[in-house]
Amino acid sequence: MNKRKFITYGLVAFSLVYAGVVSTFATELMGPATQLGEKKFHTEVYYRHVLKQKLNLDVSSTGRIRIQNSTFTVNSTSELESEGSGNGMMGKISFQPFETPIQYYLVGGAGQYDLKIPSGSYSNKHATDNPGYIIGGGIKYTVVPYTIVSPAVSLDLSATHSRYKLTNFTSGDGRTVGEISQVLTVFEIQGAVTASKKFLFDLGDHKASVDPYLGVKVLRTRTNFDDNTTSGHFSGTRTDVSPFFGIKFKPFPYQGLVIEGSVLSETSFAAGLTLGF
């Protein structure tokens, strides 16, 4: 199979996945729009902290949550705007197999997650003790490659799946605290446009670089919430737009630092190491 067919099949396969998936957790880009170069690898290892992520849950009057000897009944038929938060360690591996500036990447990691669900005038908190997992991947295409005089522009498509076991419950009024057995899964499809400009300068005997970047993400998130005690099931879908910005600093040829933040529908921060080969 020649490289043109490989690229075409890869893009078609990912597009089908993108169009057909019905459920979806935001992915950090953790890199500028700049192309890697043929047969180049990049690896990022980073810490992420999600301050706020908006999620939707469709609830019905038959939903119940049991906490010790108390049972809470959801008596609404509306769509609830819930709020998630959490943190964790993540890894990302990117590879550009050909001269054509298309990168394929995998992401994964583990972390904690808390969920706040509205109940009357306050929100109940559902939290986890043990880390859940995040796994996914995507394709990045540098539409306008970087040159010394021009910035780079890239398009990105990705999908991630997250799963958390929620074990602690605290009511919004603080009167009820107890153990729960619930599972939260979040599957997210994400499209992003990124622009960046790389600047080179001398740093001792090395050529260092600073590559600031910014862009916007479009997120389609599917949330599933299951209560193992009552067999209750809730789900919801939400589409949002989230601007992001970051900077990649490489004081050495193969090592560097990368920082990224997102705002609006998701408020998050990530920082870590980048290694290039």
# chains A, B, ... in the order shown; residues from 1 in each chain; ligands from 1

call {"tool": "residues_around", "arguments": {"residues": "stretch 226-229 of chain A", "least_positions_apart": "6", "cutoff": "6 Å", "atoms": "only C-alpha atoms", "output": "PDB file with N, CA, C and O atoms, in the first residue's frame"}}
result
ATOM      1  N   SER A 181     -22.543   3.466  44.700  1.00  0.00           N
ATOM      2  CA  SER A 181     -21.950   2.615  43.672  1.00  0.00           C
ATOM      3  C   SER A 181     -22.499   3.054  42.326  1.00  0.00           C
ATOM      4  O   SER A 181     -23.559   2.598  41.883  1.00  0.00           O
ATOM      5  N   GLN A 182     -21.780   3.973  41.671  1.00  0.00           N
ATOM      6  CA  GLN A 182     -22.228   4.563  40.418  1.00  0.00           C
ATOM      7  C   GLN A 182     -21.082   4.574  39.411  1.00  0.00           C
ATOM      8  O   GLN A 182     -19.906   4.572  39.787  1.00  0.00           O
ATOM      9  N   VAL A 183     -21.430   4.599  38.151  1.00  0.00           N
ATOM     10  CA  VAL A 183     -20.445   4.623  37.078  1.00  0.00           C
ATOM     11  C   VAL A 183     -20.758   5.786  36.145  1.00  0.00           C
ATOM     12  O   VAL A 183     -21.895   5.940  35.684  1.00  0.00           O
TER      13      VAL A 183
END

call {"tool": "residues_around", "arguments": {"residues": "stretch 176-180 of chain A", "least_positions_apart": "5", "cutoff": "6 Å", "atoms": "only C-alpha atoms", "output": "MDAnalysis selection string"}}
result
chainID A and resid 67 167:171

call {"tool": "closest_residue", "arguments": {"among": "A:Pro97, A:Pro253, A:Gly109, A:Gly215", "to": "A:Ser154", "atoms": "only C-alpha atoms"}}
result
A:Gly215

call {"tool": "atom_distance", "arguments": {"atom1": "atom CA of A:Lys248", "atom2": "atom CA of A:Asp211"}}
result
5.0 Å

call {"tool": "residues_around", "arguments": {"residues": "A:Asn224", "least_positions_apart": "3", "cutoff": "8 Å", "atoms": "only C-alpha atoms", "output": "PyMOL selection string"}}
result
chain A and resi 57+184-186+233-236

call {"tool": "residues_around", "arguments": {"residues": "stretch 46-50 of chain A", "least_positions_apart": "2", "cutoff": "9 Å", "atoms": "only C-alpha atoms", "output": "list of chain:residue names"}}
result
A:Glu28, A:Met30, A:Glu44, A:Lys52, A:Gln53, A:Gly84, A:Ser85, A:Gly86, A:Asn87, A:Gly88, A:Met89, A:Met90, A:Gly91, A:Lys92, A:Gly111, A:Tyr113, A:Val258, A:Ile259, A:Glu266, A:Thr267, A:Ser268, A:Phe269, A:Ala270, A:Ala271, A:Gly272, A:Leu273, A:Thr274

call {"tool": "write_last_selection", "arguments": {"atoms": "C-alpha atoms", "output": "tab-separated table (two decimals), in the first residue's frame"}}
result
chain	number	residue	atom	x	y	z
A	28	GLU	CA	-5.77	18.77	25.24
A	30	MET	CA	-0.58	19.93	23.98
A	44	GLU	CA	4.04	14.53	25.87
A	52	LYS	CA	-15.15	22.99	35.34
A	53	GLN	CA	-16.69	20.92	32.56
A	84	GLY	CA	-17.68	17.97	36.37
A	85	SER	CA	-14.17	18.58	37.70
A	86	GLY	CA	-11.05	16.51	38.20
A	87	ASN	CA	-7.34	15.98	37.63
A	88	GLY	CA	-4.94	13.32	36.44
A	89	MET	CA	-1.78	12.32	34.59
A	90	MET	CA	-1.89	11.94	30.80
A	91	GLY	CA	0.35	10.81	27.99
A	92	LYS	CA	0.25	11.53	24.24
A	111	GLY	CA	-7.35	10.58	37.08
A	113	TYR	CA	-13.37	13.03	38.74
A	258	VAL	CA	4.40	22.68	27.13
A	259	ILE	CA	1.55	24.55	28.86
A	266	GLU	CA	-14.46	23.80	29.83
A	267	THR	CA	-12.06	25.54	32.18
A	268	SER	CA	-8.87	23.50	32.38
A	269	PHE	CA	-5.10	23.74	32.70
A	270	ALA	CA	-2.35	21.33	31.65
A	271	ALA	CA	1.45	21.37	31.92
A	272	GLY	CA	4.12	18.81	31.18
A	273	LEU	CA	7.21	17.64	29.32
A	274	THR	CA	7.57	17.15	25.57

call {"tool": "atom_distance", "arguments": {"atom1": "atom CA of A:Arg238", "atom2": "atom CA of A:Arg163"}}
result
17.5 Å

call {"tool": "residues_around", "arguments": {"residues": "A:Thr147", "least_positions_apart": "4", "cutoff": "10 Å", "atoms": "only C-alpha atoms", "output": "compact mmCIF listing (two decimals) with C-alpha atoms, in the first residue's frame"}}
result
# COMPACT_ATOMS: atom_id res chain seq x y z
CA THR A 34 3.75 23.06 13.43
CA PRO A 151 2.68 30.81 10.89
CA ALA A 152 1.28 27.29 10.81
CA LYS A 197 4.18 30.80 15.16
CA LYS A 198 7.57 29.30 15.94

call {"tool": "closest_residue", "arguments": {"among": "A:Ser121, A:Ser265, A:Thr27, A:Ser150", "to": "A:Gly191", "atoms": "only C-alpha atoms"}}
result
A:Thr27

call {"tool": "select_by_dssp", "arguments": {"residues": "stretch 149-264 of chain A", "states": "strand (DSSP E)", "output": "PyMOL selection string"}}
result
chain A and resi 152-170+177-196+199-203+206-227+232-250+255-262
